[in-house]
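Shown below: data-v3.cif, with mmCIF, C-alpha atoms.
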```
data_target
loop_
_atom_site.label_atom_id
_atom_site.label_comp_id
_atom_site.auth_asym_id
_atom_site.auth_seq_id
_atom_site.Cartn_x
_atom_site.Cartn_y
_atom_site.Cartn_z
CA MET A 25 0.00 0.00 0.00
CA THR A 26 1.42 3.35 -0.92
CA PRO A 27 2.81 5.72 0.26
CA GLN A 28 5.87 3.95 1.63
CA ALA A 29 8.27 6.82 2.29
CA GLN A 30 7.96 8.95 5.40
CA SER A 31 9.91 11.97 6.56
CA PRO A 32 10.02 13.09 10.19
CA HIS A 33 7.58 15.87 9.35
CA GLU A 34 5.15 13.84 7.26
CA ASP A 35 1.56 13.37 8.38
CA THR A 36 1.07 10.08 10.20
CA VAL A 37 -2.50 9.88 8.92
CA LEU A 38 -3.24 10.77 5.31
CA VAL A 39 -6.80 11.73 4.45
CA ASP A 40 -8.15 12.10 0.93
CA ARG A 41 -11.15 11.36 -1.26
CA VAL A 42 -11.00 9.20 -4.35
CA GLY A 43 -13.28 7.92 -7.09
CA PRO A 44 -16.09 9.67 -8.96
CA ALA A 45 -16.92 12.96 -7.20
CA GLY A 46 -14.68 11.88 -4.34
CA ARG A 47 -17.28 9.38 -3.17
CA LEU A 48 -14.79 7.27 -1.17
CA GLY A 49 -13.10 8.82 1.85
CA ARG A 50 -9.72 7.19 2.37
CA ILE A 51 -7.71 7.13 5.59
CA THR A 52 -4.13 5.88 5.33
CA LEU A 53 -2.24 5.15 8.53
CA ASN A 54 1.21 6.42 7.63
CA ARG A 55 3.90 5.26 10.04
CA PRO A 56 5.25 2.37 7.95
CA ARG A 57 8.50 2.00 9.90
CA ALA A 58 6.42 1.38 13.04
CA ILE A 59 3.93 -0.80 11.15
CA ASN A 60 1.55 2.14 11.50
CA ALA A 61 1.30 1.90 15.29
CA LEU A 62 -1.31 4.29 16.64
CA ASP A 63 -0.50 7.31 18.74
CA HIS A 64 -2.86 9.93 20.11
CA PRO A 65 -2.60 12.44 17.23
CA MET A 66 -3.42 9.63 14.77
CA VAL A 67 -6.54 8.72 16.73
CA ARG A 68 -7.62 12.35 16.81
CA ARG A 69 -7.07 12.71 13.06
CA MET A 70 -9.22 9.67 12.36
CA HIS A 71 -11.95 11.07 14.61
CA ALA A 72 -11.89 14.35 12.71
CA ALA A 73 -12.06 12.73 9.27
CA LEU A 74 -14.91 10.42 10.24
CA ALA A 75 -16.85 13.26 11.83
CA GLU A 76 -16.47 15.40 8.70
CA TRP A 77 -17.47 12.64 6.28
CA ALA A 78 -20.45 11.48 8.33
CA GLY A 79 -22.27 14.68 7.39
CA ASP A 80 -20.99 14.95 3.83
CA ASP A 81 -23.56 13.62 1.37
CA GLU A 82 -20.90 13.32 -1.35
CA VAL A 83 -18.98 10.72 0.65
CA ALA A 84 -20.62 7.32 0.23
CA ALA A 85 -18.15 5.12 2.13
CA VAL A 86 -14.88 5.17 4.07
CA LEU A 87 -11.75 3.07 3.53
CA VAL A 88 -8.87 2.56 5.97
CA THR A 89 -5.52 1.17 4.81
CA GLY A 90 -1.96 1.07 6.08
CA ALA A 91 1.13 2.51 4.40
CA GLY A 92 3.95 0.16 3.46
CA GLU A 93 3.87 -3.59 2.95
CA ARG A 94 4.15 -4.79 6.55
CA GLY A 95 0.66 -4.28 7.88
CA LEU A 96 -2.39 -2.18 8.52
CA CYS A 97 -1.48 -1.45 12.13
CA ALA A 98 0.65 -3.19 14.77
CA GLY A 99 -1.43 -1.73 17.61
CA GLY A 100 -1.04 1.18 19.97
CA ASP A 101 2.32 2.82 20.54
CA ILE A 102 3.16 0.73 23.60
CA ARG A 103 6.59 2.30 24.09
CA ALA A 104 4.85 5.61 24.67
CA ILE A 105 2.31 3.97 26.98
CA ARG A 106 5.10 2.44 29.07
CA ALA A 107 6.96 5.74 29.31
CA ASP A 108 3.77 7.47 30.45
CA ALA A 109 2.89 4.72 32.93
CA LEU A 110 6.22 5.33 34.63
CA VAL A 111 5.20 8.96 35.32
CA GLY A 112 1.59 8.45 36.35
CA GLY A 113 -0.28 7.34 33.23
CA HIS A 114 -2.33 10.49 32.55
CA ALA A 115 -1.54 10.59 28.83
CA ALA A 116 -2.24 6.86 28.45
CA ARG A 117 -5.67 7.25 30.02
CA GLU A 118 -6.49 10.12 27.66
CA PHE A 119 -5.22 8.13 24.67
CA TRP A 120 -7.35 5.13 25.56
CA ARG A 121 -10.40 7.33 26.10
CA ASP A 122 -10.18 8.75 22.59
CA GLU A 123 -9.18 5.41 21.07
CA TYR A 124 -12.18 3.59 22.55
CA LEU A 125 -14.51 6.37 21.47
CA LEU A 126 -13.06 5.94 17.98
CA ASN A 127 -13.75 2.19 18.09
CA ALA A 128 -17.36 2.94 19.03
CA ARG A 129 -17.68 5.53 16.27
CA ILE A 130 -16.43 3.02 13.68
CA ALA A 131 -18.90 0.38 14.85
CA ALA A 132 -21.83 2.80 14.62
CA TYR A 133 -20.67 4.71 11.55
CA PRO A 134 -23.60 5.71 9.31
CA LYS A 135 -21.78 4.83 6.08
CA PRO A 136 -19.99 1.65 4.99
CA TYR A 137 -16.60 1.44 6.68
CA VAL A 138 -14.10 -0.74 4.82
CA ALA A 139 -10.81 -2.00 6.28
CA ILE A 140 -7.98 -3.62 4.32
CA MET A 141 -6.46 -5.89 6.98
CA ASP A 142 -3.36 -6.78 4.99
CA GLY A 143 -0.22 -7.81 6.89
CA VAL A 144 0.07 -7.24 10.64
CA VAL A 145 -3.19 -6.31 12.36
CA MET A 146 -2.79 -6.44 16.12
CA GLY A 147 -4.34 -4.82 19.19
CA GLY A 148 -5.33 -1.29 18.25
CA GLY A 149 -5.16 -2.32 14.60
CA VAL A 150 -8.03 -4.72 15.26
CA GLY A 151 -9.88 -1.83 16.89
CA VAL A 152 -9.76 0.35 13.76
CA SER A 153 -10.70 -2.49 11.42
CA ALA A 154 -12.73 -5.33 12.93
CA HIS A 155 -15.59 -3.06 14.05
CA GLY A 156 -16.15 -2.03 10.43
CA ASP A 157 -18.71 -3.23 7.91
CA VAL A 158 -16.48 -4.72 5.20
CA ARG A 159 -13.27 -6.30 6.51
CA ILE A 160 -10.77 -7.67 3.99
CA VAL A 161 -7.95 -10.08 4.84
CA THR A 162 -5.21 -11.41 2.56
CA GLU A 163 -2.69 -14.25 2.51
CA ARG A 164 -0.33 -11.89 4.39
CA SER A 165 -2.77 -11.11 7.19
CA THR A 166 -1.62 -11.80 10.74
CA VAL A 167 -4.37 -10.90 13.18
CA ALA A 168 -3.92 -11.01 16.96
CA MET A 169 -4.83 -9.58 20.32
CA PRO A 170 -1.40 -10.04 21.96
CA GLU A 171 -2.04 -8.17 25.21
CA THR A 172 -1.49 -10.94 27.78
CA GLY A 173 2.10 -11.16 26.56
CA ILE A 174 2.82 -7.59 27.67
CA GLY A 175 1.02 -7.66 31.01
CA PHE A 176 -2.14 -6.09 29.61
CA VAL A 177 -5.69 -7.20 28.75
CA PRO A 178 -7.42 -7.19 25.32
CA ASP A 179 -9.04 -3.81 24.75
CA VAL A 180 -10.33 -1.66 21.81
CA GLY A 181 -13.50 -3.74 21.93
CA GLY A 182 -11.43 -6.90 21.64
CA THR A 183 -13.19 -8.60 24.53
CA TYR A 184 -16.52 -7.84 22.83
CA LEU A 185 -15.37 -9.41 19.55
CA LEU A 186 -13.61 -12.39 21.10
CA SER A 187 -16.43 -13.17 23.52
CA ARG A 188 -18.72 -13.51 20.51
CA ALA A 189 -16.47 -15.76 18.44
CA PRO A 190 -17.78 -19.32 17.93
CA GLY A 191 -17.50 -21.53 20.99
CA GLU A 192 -14.35 -20.82 22.97
CA LEU A 193 -12.18 -19.71 20.05
CA GLY A 194 -12.03 -16.17 21.43
CA THR A 195 -10.88 -17.39 24.82
CA HIS A 196 -8.13 -19.39 23.14
CA LEU A 197 -6.95 -16.37 21.15
CA ALA A 198 -7.08 -14.03 24.12
CA LEU A 199 -5.17 -16.22 26.56
CA THR A 200 -2.51 -17.50 24.15
CA ALA A 201 -2.21 -14.08 22.44
CA GLY A 202 -1.46 -16.07 19.29
CA PRO A 203 -1.75 -14.78 15.71
CA ILE A 204 -4.18 -16.16 13.16
CA GLY A 205 -4.38 -15.97 9.38
CA ALA A 206 -7.14 -15.08 6.98
CA ALA A 207 -9.40 -18.13 7.23
CA ASP A 208 -9.29 -18.19 11.02
CA ALA A 209 -9.93 -14.44 11.23
CA ILE A 210 -13.06 -14.96 9.14
CA LEU A 211 -14.10 -17.98 11.25
CA CYS A 212 -13.72 -15.95 14.45
CA GLY A 213 -15.79 -13.06 13.13
CA LEU A 214 -12.88 -10.62 12.90
CA ALA A 215 -13.01 -10.36 9.09
CA ASP A 216 -15.46 -10.96 6.25
CA HIS A 217 -13.66 -11.60 2.95
CA PHE A 218 -10.38 -13.02 1.68
CA VAL A 219 -8.88 -11.13 -1.26
CA PRO A 220 -5.41 -12.11 -2.55
CA VAL A 221 -2.83 -9.34 -2.43
CA ASP A 222 -2.50 -9.22 -6.21
CA ARG A 223 -6.21 -8.41 -6.47
CA LEU A 224 -6.13 -5.50 -4.02
CA PRO A 225 -5.46 -2.80 -6.64
CA ALA A 226 -8.55 -3.87 -8.61
CA LEU A 227 -10.57 -4.02 -5.38
CA LEU A 228 -9.50 -0.51 -4.41
CA ASP A 229 -10.58 0.78 -7.81
CA ALA A 230 -13.93 -0.94 -7.41
CA LEU A 231 -14.44 0.41 -3.89
CA ALA A 232 -14.05 3.92 -5.23
CA ALA A 233 -16.79 3.42 -7.80
CA GLU A 234 -19.42 1.05 -6.42
CA ASP A 235 -21.11 -0.33 -3.32
CA PRO A 236 -18.36 -1.67 -1.00
CA ALA A 237 -20.17 -4.88 -0.09
CA ASP A 238 -20.70 -5.71 -3.75
CA ALA A 239 -17.12 -4.84 -4.68
CA ALA A 240 -15.69 -6.98 -1.88
CA ALA A 241 -17.89 -9.96 -2.69
CA ARG A 242 -16.97 -9.78 -6.36
CA HIS A 243 -13.22 -9.83 -5.68
CA ALA A 244 -13.24 -12.30 -2.81
CA GLU A 245 -12.03 -15.90 -2.98
CA ILE A 246 -12.05 -18.85 -0.59
CA ALA A 247 -9.28 -18.35 1.94
CA PRO A 248 -6.56 -20.99 2.26
CA ALA A 249 -7.44 -23.41 5.05
CA GLY A 250 -6.81 -22.29 8.61
CA GLU A 251 -6.12 -24.28 11.77
CA LEU A 252 -8.88 -23.50 14.24
CA ALA A 253 -11.86 -25.23 12.61
CA GLU A 254 -10.34 -28.67 13.06
CA ARG A 255 -9.31 -27.82 16.63
CA ARG A 256 -12.73 -26.68 17.80
CA GLU A 257 -13.48 -29.85 19.76
CA TRP A 258 -10.59 -29.60 22.19
CA ILE A 259 -10.61 -25.80 22.24
CA ASP A 260 -14.27 -25.67 23.24
CA ALA A 261 -13.85 -28.41 25.84
CA CYS A 262 -10.70 -27.00 27.44
CA TYR A 263 -11.49 -23.30 27.47
CA ALA A 264 -15.02 -23.72 28.83
CA ALA A 265 -13.50 -24.11 32.29
CA ASP A 266 -14.18 -21.43 34.91
CA SER A 267 -10.57 -20.70 35.82
CA VAL A 268 -7.25 -20.32 34.07
CA GLU A 269 -5.84 -23.08 36.25
CA GLU A 270 -8.52 -25.51 35.11
CA ILE A 271 -8.06 -24.47 31.49
CA MET A 272 -4.36 -25.26 31.81
CA ASP A 273 -5.10 -28.65 33.38
CA ARG A 274 -7.52 -29.53 30.60
CA LEU A 275 -5.10 -28.44 27.87
CA LEU A 276 -2.26 -30.49 29.32
CA GLY A 277 -4.50 -33.49 29.85
CA SER A 278 -6.19 -33.49 26.46
CA GLY A 279 -3.50 -35.49 24.70
CA GLU A 280 -3.49 -33.06 21.77
CA PRO A 281 -0.03 -31.73 20.81
CA ALA A 282 -1.53 -28.38 19.79
CA ALA A 283 -3.29 -28.13 23.16
CA LYS A 284 0.00 -28.75 24.95
CA GLU A 285 1.58 -25.98 22.85
CA ALA A 286 -1.26 -23.66 23.82
CA ALA A 287 -0.70 -24.43 27.50
CA GLU A 288 3.01 -23.71 27.15
CA SER A 289 2.23 -20.41 25.49
CA ILE A 290 -0.22 -19.41 28.21
CA ALA A 291 2.30 -20.36 30.91
CA GLY A 292 4.61 -17.58 29.73
CA LYS A 293 2.01 -14.83 30.01
CA SER A 294 1.31 -12.52 32.92
CA PRO A 295 -0.69 -14.47 35.54
CA THR A 296 -2.62 -11.35 36.47
CA SER A 297 -3.39 -10.53 32.85
CA LEU A 298 -4.57 -14.08 32.22
CA LYS A 299 -7.03 -14.08 35.10
CA VAL A 300 -8.33 -10.60 34.37
CA THR A 301 -8.66 -11.43 30.68
CA LEU A 302 -10.74 -14.53 31.38
CA ALA A 303 -12.96 -12.54 33.73
CA ALA A 304 -13.30 -9.73 31.15
CA LEU A 305 -14.35 -12.16 28.43
CA ARG A 306 -16.92 -13.87 30.64
CA ARG A 307 -18.33 -10.52 31.73
CA ALA A 308 -18.37 -9.23 28.14
CA ARG A 309 -20.58 -12.15 27.09
CA GLU A 310 -23.22 -10.88 29.50
CA LEU A 311 -23.04 -7.26 28.31
CA ASP A 312 -25.39 -6.52 25.44
CA SER A 313 -23.56 -3.71 23.66
CA LEU A 314 -20.11 -2.71 22.51
CA ALA A 315 -20.49 0.53 24.47
CA LEU A 316 -20.88 -1.35 27.75
CA VAL A 317 -17.88 -3.53 26.96
CA LEU A 318 -15.72 -0.53 26.07
CA ASP A 319 -16.70 1.09 29.38
CA GLN A 320 -15.56 -2.09 31.12
CA GLU A 321 -12.32 -2.25 29.12
CA TYR A 322 -11.52 1.35 30.06
CA ARG A 323 -11.76 0.45 33.75
CA VAL A 324 -9.48 -2.53 33.22
CA SER A 325 -6.95 -0.60 31.14
CA CYS A 326 -6.71 2.21 33.67
CA ALA A 327 -6.25 -0.30 36.48
CA SER A 328 -3.45 -1.95 34.50
CA LEU A 329 -1.44 1.26 34.64
CA ALA A 330 -0.98 0.76 38.36
CA THR A 331 0.45 -2.74 37.98
CA ALA A 332 4.07 -3.73 37.59
CA ASP A 333 3.31 -6.18 34.79
CA LEU A 334 2.37 -3.69 32.07
CA VAL A 335 5.63 -1.77 32.40
CA GLU A 336 7.63 -5.00 32.74
CA GLY A 337 5.91 -6.77 29.86
CA ILE A 338 6.54 -3.92 27.41
CA ARG A 339 10.12 -3.70 28.62
CA ALA A 340 10.73 -7.35 27.94
CA GLN A 341 9.03 -7.46 24.55
CA VAL A 342 9.89 -4.16 22.83
CA VAL A 343 12.38 -2.14 24.90
CA ASP A 344 15.12 -4.52 26.06
CA LYS A 345 13.71 -7.36 23.92
CA ASP A 346 15.07 -10.03 26.23
CA ARG A 347 11.68 -11.81 26.09
CA ASP A 348 12.11 -12.66 29.78
CA PRO A 349 9.46 -10.74 31.75
CA ARG A 350 9.48 -11.05 35.52
CA TRP A 351 5.80 -11.09 36.36
CA SER A 352 4.54 -9.96 39.75
CA PRO A 353 2.78 -11.97 41.09
CA ALA A 354 4.69 -14.74 39.39
CA THR A 355 2.09 -17.53 39.59
CA LEU A 356 -1.61 -17.97 38.94
CA ALA A 357 -2.13 -19.16 42.52
CA GLN A 358 -0.96 -15.79 43.82
CA VAL A 359 -3.68 -13.89 41.92
CA GLY A 360 -6.88 -14.13 43.95
CA PRO A 361 -10.49 -13.11 43.24
CA ALA A 362 -10.10 -9.79 45.06
CA GLU A 363 -7.13 -8.80 42.91
CA VAL A 364 -9.10 -9.63 39.76
CA ALA A 365 -12.24 -7.82 40.90
CA ALA A 366 -10.24 -4.65 41.56
CA PHE A 367 -9.65 -4.25 37.80
CA PHE A 368 -13.40 -3.84 37.26
CA ALA A 369 -14.00 -1.28 40.01
CA PRO A 370 -15.90 1.88 38.95
CA LEU A 371 -13.77 4.93 38.21
CA GLY A 372 -16.21 7.57 39.44
CA GLU A 373 -15.81 10.82 37.53
CA ARG A 374 -13.11 9.25 35.35
CA GLU A 375 -15.44 6.67 33.76
CA LEU A 376 -15.47 6.42 29.98
CA GLY A 377 -19.27 6.68 30.19
CA LEU A 378 -19.86 5.58 26.62
CA ALA A 379 -22.97 3.50 27.32
CA ALA A 380 -24.64 6.40 29.13
CA THR A 381 -24.26 8.63 26.05
CA THR A 382 -25.57 6.06 23.55
CA ARG A 383 -28.83 5.07 25.25
#
```

Kindly present the structure from the file in structure tokens form.
Amino acid sequence: MTPQAQSPHEDTVLVDRVGPAGRLGRITLNRPRAINALDHPMVRRMHAALAEWAGDDEVAAVLVTGAGERGLCAGGDIRAIRADALVGGHAAREFWRDEYLLNARIAAYPKPYVAIMDGVVMGGGVGVSAHGDVRIVTERSTVAMPETGIGFVPDVGGTYLLSRAPGELGTHLALTAGPIGAADAILCGLADHFVPVDRLPALLDALAAEDPADAAARHAEIAPAGELAERREWIDACYAADSVEEIMDRLLGSGEPAAKEAAESIAGKSPTSLKVTLAALRRARELDSLALVLDQEYRVSCASLATADLVEGIRAQVVDKDRDPRWSPATLAQVGPAEVAAFFAPLGERELGLAATTR
């Protein structure tokens, strides 16, 4: 996806209109060297563009793409979040507030919202794509909610999406933090159509000239086979347990090599994040709107700023890159119900309050 070059002074979000009479509003995330990771100014720019186009009768649909060949968006700028967490977390809370409001705006947008989920689409990248109307994946797509690996919990509406995936597939993805390809993204409800990379230019031309749903369906093909469909039996059986400990026991006792691999992956994640993530998913299933789930996620995210694991997880994965986080507490047994419940405590005047404004 062009453009690929970027100077230090270049806009990190490019906004233009293409097609007959500029009928397609196009947003290009333009930080290719960072795989288009989102920062606060980028979120604000997207808000502004969507707000402007919502009331413009000449704009029939919106398209979001990522610059460069590596991906749509690798997530939020977690280096910046870590740096802010070390000095109190005020900027991180404000970033998440605007980011979650953006996720809600995308989900409720009055015009077709199309996302090209080519390449890496993780965390915040899922938030600006998977809540859309027409979601395109390719053979290069790598979709994930990797938060438990950095001492965090799936956000940007991720617990809403994953809690509504078939069976326990969403629980599996959330706890392992593992990536999936095109077919599995479609199976899990995170994407709609598979379009090979070499057909994207023709699709983009069609999106600028015709109804997005029709254009996507006309260019789509059957995605290469994924892995999750044939693993549903043991995934559903193992992840239906009420605790992370029991999930681990079931995975290790299932006799399936892939289940053992999943257990090993989970074992390396933050114990606190794992327990809070499971609780967040179970609670999200009982909430009947994305707005309510985003309000819940905001509470959890803000609470995470006060933990040692978020700072430590980001350090280990992207700062020092030693891949050896020292979680605190270090074991699942040390994370009790009271510690988990604290992540869901009301924030008083600092609530996101999204559900209250959308009733």

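Here CA of Thr301 in chain A stands at a distance of 28.1 Å from CA of Arg94 in chain A.
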
Query - Within 12 Å of Thr331 in chain A using all atoms listed in the file, minus same-chain residues under 4 positions, as a list in words - result: Arg106, Ala109, Leu110, Gly112, Gly113, Ile174, Gly175, Phe176, Val177, Ser294, Thr296, Ser297, Val324, Ser325, Cys326, Ala327, Val335, Glu336, Gly337, Trp351, Ser352, Pro353, Glu363, Val364, Ala366 and Phe367 of chain A

**Report entry** the PyMOL selection byres ((chain A and resi 230) around 12) applied to the shown file, residues as a PyMOL selection string
**Finding:** chain A and resi 42-44+47-48+87+223-229+231-243

Report summary line: One decimal place gives the CA of Arg50 in chain A-CA of Glu82 in chain A separation as 13.3 Å

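The gap separating CA of Leu376 in chain A from CA of Asp80 in chain A is 28.1 Å, in Å to one decimal.
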
Query - Hits of the PyMOL selection byres ((chain A and resi 198-205) around 8) in this structure, as a ChimeraX atom specification - result: /A:163-173,178,186,194-197,206-209,250,286-287,289-290,293,298,301-302

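Candidate residues A:Gln358, A:Val300, A:Leu62, A:Cys212 were compared for distance to Gly147 in chain A, and the nearest is A:Leu62, using only C-alpha atoms.
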
Would you give the centre and edge lengths, in Å to one decimal, of a box along x, y and z around the listed atoms of range 365-380 of chain A, with 6 Å added to each side, as JSON?
```
{"center_x": -17.1, "center_y": 1.5, "center_z": 34.1, "size_x": 27.0, "size_y": 30.6, "size_z": 26.9}
```

Report task. Measuring atom to atom with all atoms listed in the file, identify which of A:Ala45, A:Ala380, A:Leu314, A:Leu334 is nearest to Arg103 in chain A. Result -> A:Leu334

Report task. Could you tell me which residues the PyMOL selection byres ((chain A and resi 247) around 6) returns for this structure, as a PyMOL selection string? Result -> chain A and resi 207+218+246+248

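Ranking A:Pro220, A:Pro370, A:Gly79, A:Pro349 by their shortest atom-to-atom distance to Gly292 in chain A, with all atoms listed in the file included, puts A:Pro349 first.
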
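When all atoms listed in the file are used to compute distances to Ala104 in chain A, the closest of the residues A:Ile130, A:Met272, A:Asp63, A:Ala154 turns out to be A:Asp63.
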
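Distance check against Glu257 in chain A using all atoms listed in the file: of A:Pro295, A:Gly92, A:Gly191, A:Pro281, the minimum falls on A:Gly191.
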
Query raised in the report: Contacts of Arg256 in chain A at 10 Å or less, counting only C-alpha atoms, minus same-chain residues fewer than 5 places along, as JSON, numbers by chain?
Result: {"A": [190, 191, 192, 193, 251, 261, 262]}

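If you measure from each of A:Glu93, A:Ile102, A:Met66, A:Gly143 to Ala340 in chain A using only C-alpha atoms, the closest one turns out to be A:Ile102.
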
Report task. Using only C-alpha atoms, give me every residue within 7 Å of (-9.1, 3.2, 2.8) in file coordinates, as an MDAnalysis selection string. Result -> chainID A and resid 49:52 86:89 138:139

Residues around (-21.9, -4.7, 5.9), cut-off 8 Å, counting all atoms listed in the file - what are they as a short mmCIF file (atom, residue, chain, number, x, y, z; two decimals) with C-alpha atoms, keeping the file's coordinate frame?
```cif
data_model
loop_
_atom_site.label_atom_id
_atom_site.label_comp_id
_atom_site.auth_asym_id
_atom_site.auth_seq_id
_atom_site.Cartn_x
_atom_site.Cartn_y
_atom_site.Cartn_z
CA PRO A 136 -19.99 1.65 4.99
CA GLY A 156 -16.15 -2.03 10.43
CA ASP A 157 -18.71 -3.23 7.91
CA VAL A 158 -16.48 -4.72 5.20
CA ALA A 237 -20.17 -4.88 -0.09
#
```

**Report entry** Surrounding residues of Lys299 in chain A excluding itself and chain neighbours under 6 positions, 8 Å, only C-alpha atoms, as a PyMOL selection string
**Finding:** chain A and resi 267-268+356+359+364

Can you patch up range 358-376 of chain A, filling it in to N, CA, C and O atoms, and show the result as a PDB file, keeping the file's coordinate frame?
```pdb
ATOM      1  N   GLN A 358      -1.139 -17.011  43.044  1.00  0.00           N
ATOM      2  CA  GLN A 358      -0.960 -15.790  43.820  1.00  0.00           C
ATOM      3  C   GLN A 358      -1.937 -14.681  43.425  1.00  0.00           C
ATOM      4  O   GLN A 358      -1.967 -13.626  44.064  1.00  0.00           O
ATOM      5  N   VAL A 359      -2.721 -14.903  42.375  1.00  0.00           N
ATOM      6  CA  VAL A 359      -3.680 -13.890  41.920  1.00  0.00           C
ATOM      7  C   VAL A 359      -5.078 -14.336  42.356  1.00  0.00           C
ATOM      8  O   VAL A 359      -5.664 -15.261  41.777  1.00  0.00           O
ATOM      9  N   GLY A 360      -5.601 -13.721  43.393  1.00  0.00           N
ATOM     10  CA  GLY A 360      -6.880 -14.130  43.950  1.00  0.00           C
ATOM     11  C   GLY A 360      -8.059 -13.366  43.382  1.00  0.00           C
ATOM     12  O   GLY A 360      -7.895 -12.402  42.626  1.00  0.00           O
ATOM     13  N   PRO A 361      -9.276 -13.773  43.749  1.00  0.00           N
ATOM     14  CA  PRO A 361     -10.490 -13.110  43.240  1.00  0.00           C
ATOM     15  C   PRO A 361     -10.538 -11.620  43.544  1.00  0.00           C
ATOM     16  O   PRO A 361     -11.023 -10.835  42.719  1.00  0.00           O
ATOM     17  N   ALA A 362     -10.061 -11.215  44.704  1.00  0.00           N
ATOM     18  CA  ALA A 362     -10.100  -9.790  45.060  1.00  0.00           C
ATOM     19  C   ALA A 362      -9.210  -8.974  44.137  1.00  0.00           C
ATOM     20  O   ALA A 362      -9.579  -7.859  43.719  1.00  0.00           O
ATOM     21  N   GLU A 363      -8.042  -9.520  43.818  1.00  0.00           N
ATOM     22  CA  GLU A 363      -7.130  -8.800  42.910  1.00  0.00           C
ATOM     23  C   GLU A 363      -7.752  -8.662  41.519  1.00  0.00           C
ATOM     24  O   GLU A 363      -7.619  -7.623  40.869  1.00  0.00           O
ATOM     25  N   VAL A 364      -8.441  -9.697  41.064  1.00  0.00           N
ATOM     26  CA  VAL A 364      -9.100  -9.630  39.760  1.00  0.00           C
ATOM     27  C   VAL A 364     -10.246  -8.632  39.783  1.00  0.00           C
ATOM     28  O   VAL A 364     -10.387  -7.791  38.892  1.00  0.00           O
ATOM     29  N   ALA A 365     -11.069  -8.700  40.805  1.00  0.00           N
ATOM     30  CA  ALA A 365     -12.240  -7.820  40.900  1.00  0.00           C
ATOM     31  C   ALA A 365     -11.839  -6.352  40.909  1.00  0.00           C
ATOM     32  O   ALA A 365     -12.582  -5.495  40.405  1.00  0.00           O
ATOM     33  N   ALA A 366     -10.667  -6.041  41.464  1.00  0.00           N
ATOM     34  CA  ALA A 366     -10.240  -4.650  41.560  1.00  0.00           C
ATOM     35  C   ALA A 366     -10.091  -3.993  40.180  1.00  0.00           C
ATOM     36  O   ALA A 366     -10.247  -2.775  40.046  1.00  0.00           O
ATOM     37  N   PHE A 367      -9.810  -4.794  39.147  1.00  0.00           N
ATOM     38  CA  PHE A 367      -9.650  -4.250  37.800  1.00  0.00           C
ATOM     39  C   PHE A 367     -10.983  -3.740  37.233  1.00  0.00           C
ATOM     40  O   PHE A 367     -10.985  -2.945  36.288  1.00  0.00           O
ATOM     41  N   PHE A 368     -12.080  -4.191  37.785  1.00  0.00           N
ATOM     42  CA  PHE A 368     -13.400  -3.840  37.260  1.00  0.00           C
ATOM     43  C   PHE A 368     -14.104  -2.795  38.126  1.00  0.00           C
ATOM     44  O   PHE A 368     -15.272  -2.484  37.886  1.00  0.00           O
ATOM     45  N   ALA A 369     -13.399  -2.248  39.100  1.00  0.00           N
ATOM     46  CA  ALA A 369     -14.000  -1.280  40.010  1.00  0.00           C
ATOM     47  C   ALA A 369     -14.361   0.009  39.275  1.00  0.00           C
ATOM     48  O   ALA A 369     -13.618   0.465  38.397  1.00  0.00           O
ATOM     49  N   PRO A 370     -15.505   0.616  39.598  1.00  0.00           N
ATOM     50  CA  PRO A 370     -15.900   1.880  38.950  1.00  0.00           C
ATOM     51  C   PRO A 370     -14.847   2.965  39.155  1.00  0.00           C
ATOM     52  O   PRO A 370     -14.137   2.987  40.173  1.00  0.00           O
ATOM     53  N   LEU A 371     -14.782   3.871  38.196  1.00  0.00           N
ATOM     54  CA  LEU A 371     -13.770   4.930  38.210  1.00  0.00           C
ATOM     55  C   LEU A 371     -14.332   6.275  38.646  1.00  0.00           C
ATOM     56  O   LEU A 371     -13.623   7.279  38.622  1.00  0.00           O
ATOM     57  N   GLY A 372     -15.623   6.306  39.013  1.00  0.00           N
ATOM     58  CA  GLY A 372     -16.210   7.570  39.440  1.00  0.00           C
ATOM     59  C   GLY A 372     -16.257   8.578  38.296  1.00  0.00           C
ATOM     60  O   GLY A 372     -16.723   8.272  37.195  1.00  0.00           O
ATOM     61  N   GLU A 373     -15.760   9.762  38.548  1.00  0.00           N
ATOM     62  CA  GLU A 373     -15.810  10.820  37.530  1.00  0.00           C
ATOM     63  C   GLU A 373     -14.920  10.531  36.331  1.00  0.00           C
ATOM     64  O   GLU A 373     -15.052  11.189  35.299  1.00  0.00           O
ATOM     65  N   ARG A 374     -14.032   9.570  36.454  1.00  0.00           N
ATOM     66  CA  ARG A 374     -13.110   9.250  35.350  1.00  0.00           C
ATOM     67  C   ARG A 374     -13.636   8.154  34.428  1.00  0.00           C
ATOM     68  O   ARG A 374     -12.926   7.691  33.539  1.00  0.00           O
ATOM     69  N   GLU A 375     -14.878   7.700  34.619  1.00  0.00           N
ATOM     70  CA  GLU A 375     -15.440   6.670  33.760  1.00  0.00           C
ATOM     71  C   GLU A 375     -15.434   7.101  32.293  1.00  0.00           C
ATOM     72  O   GLU A 375     -15.575   8.289  31.988  1.00  0.00           O
ATOM     73  N   LEU A 376     -15.319   6.125  31.399  1.00  0.00           N
ATOM     74  CA  LEU A 376     -15.470   6.420  29.980  1.00  0.00           C
ATOM     75  C   LEU A 376     -16.894   6.894  29.700  1.00  0.00           C
ATOM     76  O   LEU A 376     -17.110   7.841  28.936  1.00  0.00           O
TER      77      LEU A 376
END
```
